>>> print(open('my_file.cif').read())   # mmCIF, C-alpha atoms
data_target
#
loop_
_atom_site.group_PDB
_atom_site.id
_atom_site.type_symbol
_atom_site.label_atom_id
_atom_site.label_comp_id
_atom_site.auth_asym_id
_atom_site.auth_seq_id
_atom_site.Cartn_x
_atom_site.Cartn_y
_atom_site.Cartn_z
ATOM 1 C CA MET S 1 0.000 0.000 0.000
ATOM 2 C CA ASN S 2 1.158 3.495 -0.823
ATOM 3 C CA THR S 3 0.360 6.499 1.358
ATOM 4 C CA TYR S 4 -1.044 9.578 -0.368
ATOM 5 C CA ILE S 5 -2.193 13.027 0.656
ATOM 6 C CA ALA S 6 -5.099 14.696 -1.133
ATOM 7 C CA PHE S 7 -5.422 18.470 -1.099
ATOM 8 C CA LEU S 8 -8.756 19.664 -2.483
ATOM 9 C CA ARG S 9 -8.933 23.305 -3.423
ATOM 10 C CA GLY S 10 -11.863 25.599 -2.845
ATOM 11 C CA ILE S 11 -14.231 23.355 -0.921
ATOM 12 C CA ASN S 12 -16.303 24.464 2.071
ATOM 13 C CA VAL S 13 -15.325 28.105 1.539
ATOM 14 C CA GLY S 14 -17.949 30.772 2.132
ATOM 15 C CA GLY S 15 -20.792 28.298 1.815
ATOM 16 C CA ASN S 16 -19.698 27.229 -1.658
ATOM 17 C CA ASN S 17 -18.725 23.770 -2.901
ATOM 18 C CA SER S 18 -19.930 22.070 0.248
ATOM 19 C CA LEU S 19 -18.346 18.691 0.862
ATOM 20 C CA PRO S 20 -18.588 17.249 4.392
ATOM 21 C CA MET S 21 -15.456 15.355 5.367
ATOM 22 C CA LYS S 22 -17.501 12.210 6.071
ATOM 23 C CA GLU S 23 -18.612 12.334 2.444
ATOM 24 C CA LEU S 24 -15.030 12.863 1.266
ATOM 25 C CA VAL S 25 -14.030 9.746 3.219
ATOM 26 C CA ALA S 26 -16.864 7.775 1.564
ATOM 27 C CA ILE S 27 -15.870 9.026 -1.898
ATOM 28 C CA LEU S 28 -12.222 8.128 -1.352
ATOM 29 C CA GLU S 29 -13.201 4.675 -0.091
ATOM 30 C CA SER S 30 -15.410 4.176 -3.169
ATOM 31 C CA THR S 31 -12.315 4.702 -5.346
ATOM 32 C CA GLY S 32 -10.399 2.032 -3.424
ATOM 33 C CA ALA S 33 -8.701 4.138 -0.752
ATOM 34 C CA ARG S 34 -8.153 2.634 2.683
ATOM 35 C CA LYS S 35 -7.363 4.023 6.151
ATOM 36 C CA VAL S 36 -8.733 7.446 5.152
ATOM 37 C CA LYS S 37 -8.236 10.301 7.624
ATOM 38 C CA THR S 38 -9.190 13.943 7.132
ATOM 39 C CA TYR S 39 -7.944 17.113 8.751
ATOM 40 C CA ILE S 40 -10.174 20.171 9.208
ATOM 41 C CA GLN S 41 -12.936 21.043 6.761
ATOM 42 C CA SER S 42 -10.804 22.522 3.979
ATOM 43 C CA GLY S 43 -10.164 19.322 2.032
ATOM 44 C CA ASN S 44 -7.119 17.588 3.462
ATOM 45 C CA ALA S 45 -7.092 13.808 3.410
ATOM 46 C CA VAL S 46 -4.539 11.094 4.047
ATOM 47 C CA PHE S 47 -5.154 7.613 2.702
ATOM 48 C CA GLN S 48 -3.580 4.406 1.507
ATOM 49 C CA SER S 49 -4.068 2.911 -1.919
ATOM 50 C CA THR S 50 -2.771 0.017 -3.955
ATOM 51 C CA GLU S 51 -2.388 2.442 -6.900
ATOM 52 C CA ARG S 52 1.289 2.592 -7.794
ATOM 53 C CA SER S 53 0.945 5.995 -9.415
ATOM 54 C CA SER S 54 -1.038 8.939 -8.127
ATOM 55 C CA SER S 55 -1.566 10.382 -11.620
ATOM 56 C CA GLN S 56 -5.088 8.997 -12.164
ATOM 57 C CA LEU S 57 -6.355 9.505 -8.623
ATOM 58 C CA PRO S 58 -7.230 13.229 -8.926
ATOM 59 C CA LYS S 59 -9.342 12.634 -12.052
ATOM 60 C CA MET S 60 -11.179 9.695 -10.472
ATOM 61 C CA LEU S 61 -11.834 11.597 -7.270
ATOM 62 C CA ALA S 62 -12.936 14.819 -9.018
ATOM 63 C CA ALA S 63 -15.321 12.874 -11.267
ATOM 64 C CA GLU S 64 -16.896 11.141 -8.275
ATOM 65 C CA ILE S 65 -17.320 14.459 -6.421
ATOM 66 C CA LYS S 66 -18.903 16.002 -9.520
ATOM 67 C CA LYS S 67 -21.297 13.058 -9.817
ATOM 68 C CA ARG S 68 -22.362 13.272 -6.170
ATOM 69 C CA HIS S 69 -22.138 17.009 -5.477
ATOM 70 C CA GLY S 70 -22.252 18.798 -8.834
ATOM 71 C CA PHE S 71 -18.869 20.506 -8.766
ATOM 72 C CA GLU S 72 -15.384 19.418 -9.727
ATOM 73 C CA PRO S 73 -12.648 20.721 -7.433
ATOM 74 C CA CYS S 74 -8.987 21.027 -8.287
ATOM 75 C CA ILE S 75 -7.303 18.126 -6.504
ATOM 76 C CA LEU S 76 -3.624 17.507 -5.935
ATOM 77 C CA ILE S 77 -2.487 14.082 -4.789
ATOM 78 C CA LEU S 78 0.964 13.943 -3.249
ATOM 79 C CA GLU S 79 3.062 11.112 -1.968
ATOM 80 C CA LEU S 80 4.186 11.245 1.643
ATOM 81 C CA GLU S 81 7.783 11.768 0.546
ATOM 82 C CA ALA S 82 6.807 14.959 -1.334
ATOM 83 C CA ILE S 83 5.292 16.432 1.836
ATOM 84 C CA ARG S 84 8.316 15.444 3.893
ATOM 85 C CA ARG S 85 10.624 16.988 1.291
ATOM 86 C CA ALA S 86 8.573 20.220 1.265
ATOM 87 C CA ILE S 87 8.912 20.456 5.040
ATOM 88 C CA ALA S 88 12.640 19.664 5.002
ATOM 89 C CA GLU S 89 13.341 22.214 2.251
ATOM 90 C CA ASN S 90 11.511 25.094 3.957
ATOM 91 C CA PRO S 91 13.666 28.136 3.142
ATOM 92 C CA PHE S 92 12.213 30.148 6.045
ATOM 93 C CA PRO S 93 12.881 28.080 9.188
ATOM 94 C CA ASP S 94 12.546 31.173 11.386
ATOM 95 C CA ALA S 95 8.901 31.542 10.232
ATOM 96 C CA VAL S 96 7.733 28.261 11.791
ATOM 97 C CA ALA S 97 7.374 30.062 15.129
ATOM 98 C CA ASP S 98 4.254 31.673 13.587
ATOM 99 C CA PRO S 99 2.847 28.749 11.568
ATOM 100 C CA GLY S 100 -0.134 30.721 10.269
ATOM 101 C CA SER S 101 2.169 33.141 8.459
ATOM 102 C CA LEU S 102 4.072 30.498 6.489
ATOM 103 C CA HIS S 103 2.236 29.041 3.514
ATOM 104 C CA LEU S 104 3.166 26.301 1.085
ATOM 105 C CA GLY S 105 1.517 26.403 -2.317
ATOM 106 C CA PHE S 106 1.641 22.920 -3.805
ATOM 107 C CA LEU S 107 1.920 23.146 -7.579
ATOM 108 C CA ALA S 108 0.073 20.908 -10.037
ATOM 109 C CA SER S 109 3.110 20.958 -12.353
ATOM 110 C CA ARG S 110 6.461 22.635 -12.810
ATOM 111 C CA PRO S 111 6.040 26.277 -13.915
ATOM 112 C CA LYS S 112 7.461 26.772 -17.408
ATOM 113 C CA ASN S 113 7.700 30.540 -17.317
ATOM 114 C CA PRO S 114 7.086 31.896 -13.816
ATOM 115 C CA ASP S 115 7.129 35.694 -13.619
ATOM 116 C CA LEU S 116 9.356 35.988 -10.560
ATOM 117 C CA GLU S 117 10.083 39.649 -11.254
ATOM 118 C CA LYS S 118 6.395 40.592 -11.041
ATOM 119 C CA LEU S 119 6.058 38.462 -7.912
ATOM 120 C CA SER S 120 8.975 40.370 -6.374
ATOM 121 C CA ASN S 121 7.398 43.693 -7.296
ATOM 122 C CA LEU S 122 4.111 42.707 -5.590
ATOM 123 C CA LYS S 123 5.562 41.628 -2.281
ATOM 124 C CA LYS S 124 5.372 43.800 0.797
ATOM 125 C CA GLU S 125 8.615 44.601 2.556
ATOM 126 C CA SER S 126 7.741 42.073 5.289
ATOM 127 C CA GLU S 127 6.990 39.241 2.830
ATOM 128 C CA ARG S 128 9.333 36.626 1.430
ATOM 129 C CA PHE S 129 8.829 33.905 -1.156
ATOM 130 C CA HIS S 130 10.741 31.063 -2.706
ATOM 131 C CA LEU S 131 9.891 28.818 -5.636
ATOM 132 C CA GLY S 132 11.034 25.323 -4.745
ATOM 133 C CA ASP S 133 10.593 21.949 -6.415
ATOM 134 C CA GLY S 134 6.809 21.652 -6.670
ATOM 135 C CA VAL S 135 6.186 24.142 -3.868
ATOM 136 C CA PHE S 136 5.778 27.910 -3.670
ATOM 137 C CA TYR S 137 6.809 29.023 -0.176
ATOM 138 C CA LEU S 138 5.334 32.282 1.083
ATOM 139 C CA HIS S 139 6.058 33.930 4.399
ATOM 140 C CA ALA S 140 3.445 36.649 4.956
ATOM 141 C CA PRO S 141 3.712 37.884 8.554
ATOM 142 C CA GLU S 142 0.883 40.396 8.009
ATOM 143 C CA GLY S 143 -1.396 37.627 6.677
ATOM 144 C CA VAL S 144 -2.240 36.341 3.215
ATOM 145 C CA GLY S 145 -5.725 37.887 3.158
ATOM 146 C CA ARG S 146 -4.448 41.317 2.137
ATOM 147 C CA SER S 147 -1.338 40.178 0.330
ATOM 148 C CA LYS S 148 -1.150 41.130 -3.342
ATOM 149 C CA LEU S 149 1.656 38.595 -3.673
ATOM 150 C CA ALA S 150 -0.541 35.787 -2.330
ATOM 151 C CA ALA S 151 -3.477 36.852 -4.510
ATOM 152 C CA SER S 152 -1.399 36.891 -7.711
ATOM 153 C CA SER S 153 1.041 34.034 -7.161
ATOM 154 C CA GLU S 154 -0.888 31.301 -8.999
ATOM 155 C CA LYS S 155 -1.481 33.489 -12.044
ATOM 156 C CA LEU S 156 2.140 34.646 -12.188
ATOM 157 C CA LEU S 157 3.481 31.132 -11.701
ATOM 158 C CA GLY S 158 1.213 29.931 -14.500
ATOM 159 C CA VAL S 159 0.151 26.605 -12.941
ATOM 160 C CA PRO S 160 -2.694 25.513 -10.656
ATOM 161 C CA MET S 161 -1.751 25.625 -6.992
ATOM 162 C CA THR S 162 -3.368 24.854 -3.667
ATOM 163 C CA ASP S 163 -2.122 26.550 -0.549
ATOM 164 C CA ARG S 164 -1.795 25.243 3.022
ATOM 165 C CA ASN S 165 -0.300 26.911 6.076
ATOM 166 C CA TRP S 166 2.653 25.387 7.907
ATOM 167 C CA ARG S 167 0.505 24.014 10.737
ATOM 168 C CA THR S 168 -1.729 22.118 8.302
ATOM 169 C CA VAL S 169 1.180 20.748 6.271
ATOM 170 C CA CYS S 170 2.909 19.463 9.412
ATOM 171 C CA LYS S 171 -0.277 17.935 10.810
ATOM 172 C CA VAL S 172 -1.064 16.164 7.524
ATOM 173 C CA ALA S 173 2.518 14.847 7.330
ATOM 174 C CA GLU S 174 2.204 13.572 10.902
ATOM 175 C CA MET S 175 -1.109 11.852 10.100
ATOM 176 C CA ALA S 176 0.375 10.280 6.971
ATOM 177 C CA GLY S 177 3.343 8.943 8.891
ATOM 178 C CA GLU S 178 1.214 7.174 11.502
#
>>> encode(input="my_file.cif", output="structure tokens")
Amino acid sequence: MNTYIAFLRGINVGGNNSLPMKELVAILESTGARKVKTYIQSGNAVFQSTERSSSQLPKMLAAEIKKRHGFEPCILILELEAIRRAIAENPFPDAVADPGSLHLGFLASRPKNPDLEKLSNLKKESERFHLGDGVFYLHAPEGVGRSKLAASSEKLLGVPMTDRNWRTVCKVAEMAGE
């Protein structure tokens, strides 16, 4: 069995795209997942599967959610090692003291032409970012809600991304390692 982490983007936000975590567990189990665990209501799941490759899992899961709930979320499926690597390669170790200010944007693919100059021009003086291997790290001590950098990062990177704060990433990694 392989351990995977599913990050669903844009569910249970502002009353839109409602998907109770119990239903997410049932959907994952219907696609063959085992030992499914979820973390908070924002679409974080850890599960085991006999699938050797995670490449087909997002399509299967999104199709099942669309069938049952009428919307098709962006879903990233990561292997446990990818999460562990993202944590180990954090370029802002001093930011973990305030885990809500450090965000990891997991990328659906490698950006071909990221506009790092525009990203740099958008950042506040207090903000820092780093484009890693499959992860966009953002330290926003004043919060991501008002950050122009956070709001524009996906567009300027040119690939779909789903963002999680440091606390969530660490908790999901812990759950996956159990």
>>> resolve_selection(input="my_file.cif", expression="the PyMOL selection byres ((chain S and resi 83-89) around 10)", output="list in words")
Tyr4, Ile5, Leu78, Glu79, Leu80, Glu81, Ala82, Asn90, Pro91, Phe92, Pro93, Leu104, Phe106, Gly132, Asp133, Gly134, Val135, Phe136, Tyr137, Trp166, Val169, Cys170, Val172, Ala173, Glu174, Ala176 and Gly177 of chain S
>>> atom_distance(input="my_file.cif", atom1="atom CA of S:Leu116", atom2="atom CA of S:Phe129")
9.6 Å
>>> residues_around(input="my_file.cif", residues="S:Asp163", least_positions_apart="3", cutoff="12 Å", atoms="all atoms listed in the file", output="NGL selection string")
:S and (7-10 or 42-44 or 74-76 or 100-108 or 134-138 or 144 or 150-151 or 153-154 or 160 or 166-169)
>>> resolve_selection(input="my_file.cif", expression="the PyMOL selection byres ((chain S and resi 69) around 12)", output="ChimeraX atom specification")
/S:11,16-20,23-24,27,61-68,70-73
>>> atom_distance(input="my_file.cif", atom1="atom CA of S:Gln41", atom2="atom CA of S:Lys22")
10.0 Å
>>> decode(input="my_file.cif", residues="stretch 52-77 of chain S", atoms="N, CA and C atoms", output="mmCIF file, in the first residue's frame")
data_model
loop_
_atom_site.group_PDB
_atom_site.id
_atom_site.type_symbol
_atom_site.label_atom_id
_atom_site.label_comp_id
_atom_site.auth_asym_id
_atom_site.auth_seq_id
_atom_site.Cartn_x
_atom_site.Cartn_y
_atom_site.Cartn_z
ATOM 1 N N ARG S 52 -0.157 2.347 -7.793
ATOM 2 C CA ARG S 52 1.289 2.592 -7.794
ATOM 3 C C ARG S 52 1.620 4.028 -8.195
ATOM 4 N N SER S 53 0.732 4.634 -8.963
ATOM 5 C CA SER S 53 0.945 5.995 -9.415
ATOM 6 C C SER S 53 -0.244 6.838 -8.998
ATOM 7 N N SER S 54 0.034 8.052 -8.566
ATOM 8 C CA SER S 54 -1.038 8.939 -8.127
ATOM 9 C C SER S 54 -1.625 9.736 -9.284
ATOM 10 N N SER S 55 -1.158 9.534 -10.499
ATOM 11 C CA SER S 55 -1.566 10.382 -11.620
ATOM 12 C C SER S 55 -3.046 10.291 -11.975
ATOM 13 N N GLN S 56 -3.669 9.144 -11.820
ATOM 14 C CA GLN S 56 -5.088 8.997 -12.164
ATOM 15 C C GLN S 56 -6.029 9.306 -11.005
ATOM 16 N N LEU S 57 -5.512 9.301 -9.803
ATOM 17 C CA LEU S 57 -6.355 9.505 -8.623
ATOM 18 C C LEU S 57 -7.105 10.844 -8.615
ATOM 19 N N PRO S 58 -6.477 11.967 -8.953
ATOM 20 C CA PRO S 58 -7.230 13.229 -8.926
ATOM 21 C C PRO S 58 -8.423 13.230 -9.885
ATOM 22 N N LYS S 59 -8.248 12.676 -11.068
ATOM 23 C CA LYS S 59 -9.342 12.634 -12.052
ATOM 24 C C LYS S 59 -10.487 11.764 -11.549
ATOM 25 N N MET S 60 -10.150 10.597 -10.997
ATOM 26 C CA MET S 60 -11.179 9.695 -10.472
ATOM 27 C C MET S 60 -11.950 10.356 -9.331
ATOM 28 N N LEU S 61 -11.227 10.964 -8.433
ATOM 29 C CA LEU S 61 -11.834 11.597 -7.270
ATOM 30 C C LEU S 61 -12.691 12.795 -7.680
ATOM 31 N N ALA S 62 -12.176 13.649 -8.560
ATOM 32 C CA ALA S 62 -12.936 14.819 -9.018
ATOM 33 C C ALA S 62 -14.212 14.397 -9.736
ATOM 34 N N ALA S 63 -14.132 13.357 -10.547
ATOM 35 C CA ALA S 63 -15.321 12.874 -11.267
ATOM 36 C C ALA S 63 -16.376 12.364 -10.294
ATOM 37 N N GLU S 64 -15.954 11.667 -9.259
ATOM 38 C CA GLU S 64 -16.896 11.141 -8.275
ATOM 39 C C GLU S 64 -17.538 12.276 -7.470
ATOM 40 N N ILE S 65 -16.768 13.305 -7.137
ATOM 41 C CA ILE S 65 -17.320 14.459 -6.421
ATOM 42 C C ILE S 65 -18.320 15.193 -7.313
ATOM 43 N N LYS S 66 -17.980 15.340 -8.582
ATOM 44 C CA LYS S 66 -18.903 16.002 -9.520
ATOM 45 C C LYS S 66 -20.214 15.220 -9.629
ATOM 46 N N LYS S 67 -20.116 13.906 -9.710
ATOM 47 C CA LYS S 67 -21.297 13.058 -9.817
ATOM 48 C C LYS S 67 -22.195 13.204 -8.580
ATOM 49 N N ARG S 68 -21.586 13.235 -7.418
ATOM 50 C CA ARG S 68 -22.362 13.272 -6.170
ATOM 51 C C ARG S 68 -22.752 14.669 -5.706
ATOM 52 N N HIS S 69 -21.926 15.674 -6.035
ATOM 53 C CA HIS S 69 -22.138 17.009 -5.477
ATOM 54 C C HIS S 69 -22.260 18.121 -6.517
ATOM 55 N N GLY S 70 -22.027 17.813 -7.790
ATOM 56 C CA GLY S 70 -22.252 18.798 -8.834
ATOM 57 C C GLY S 70 -21.148 19.811 -9.072
ATOM 58 N N PHE S 71 -20.016 19.634 -8.477
ATOM 59 C CA PHE S 71 -18.869 20.506 -8.766
ATOM 60 C C PHE S 71 -17.613 19.651 -8.831
ATOM 61 N N GLU S 72 -16.616 20.171 -9.519
ATOM 62 C CA GLU S 72 -15.384 19.418 -9.727
ATOM 63 C C GLU S 72 -14.201 20.233 -9.201
ATOM 64 N N PRO S 73 -13.747 19.932 -8.001
ATOM 65 C CA PRO S 73 -12.648 20.721 -7.433
ATOM 66 C C PRO S 73 -11.295 20.361 -8.047
ATOM 67 N N CYS S 74 -10.382 21.300 -7.941
ATOM 68 C CA CYS S 74 -8.987 21.027 -8.287
ATOM 69 C C CYS S 74 -8.432 20.161 -7.155
ATOM 70 N N ILE S 75 -7.819 19.051 -7.509
ATOM 71 C CA ILE S 75 -7.303 18.126 -6.504
ATOM 72 C C ILE S 75 -5.845 17.806 -6.814
ATOM 73 N N LEU S 76 -5.016 17.932 -5.816
ATOM 74 C CA LEU S 76 -3.624 17.507 -5.935
ATOM 75 C C LEU S 76 -3.429 16.308 -5.029
ATOM 76 N N ILE S 77 -2.817 15.277 -5.571
ATOM 77 C CA ILE S 77 -2.487 14.082 -4.789
ATOM 78 C C ILE S 77 -0.968 14.019 -4.698
#
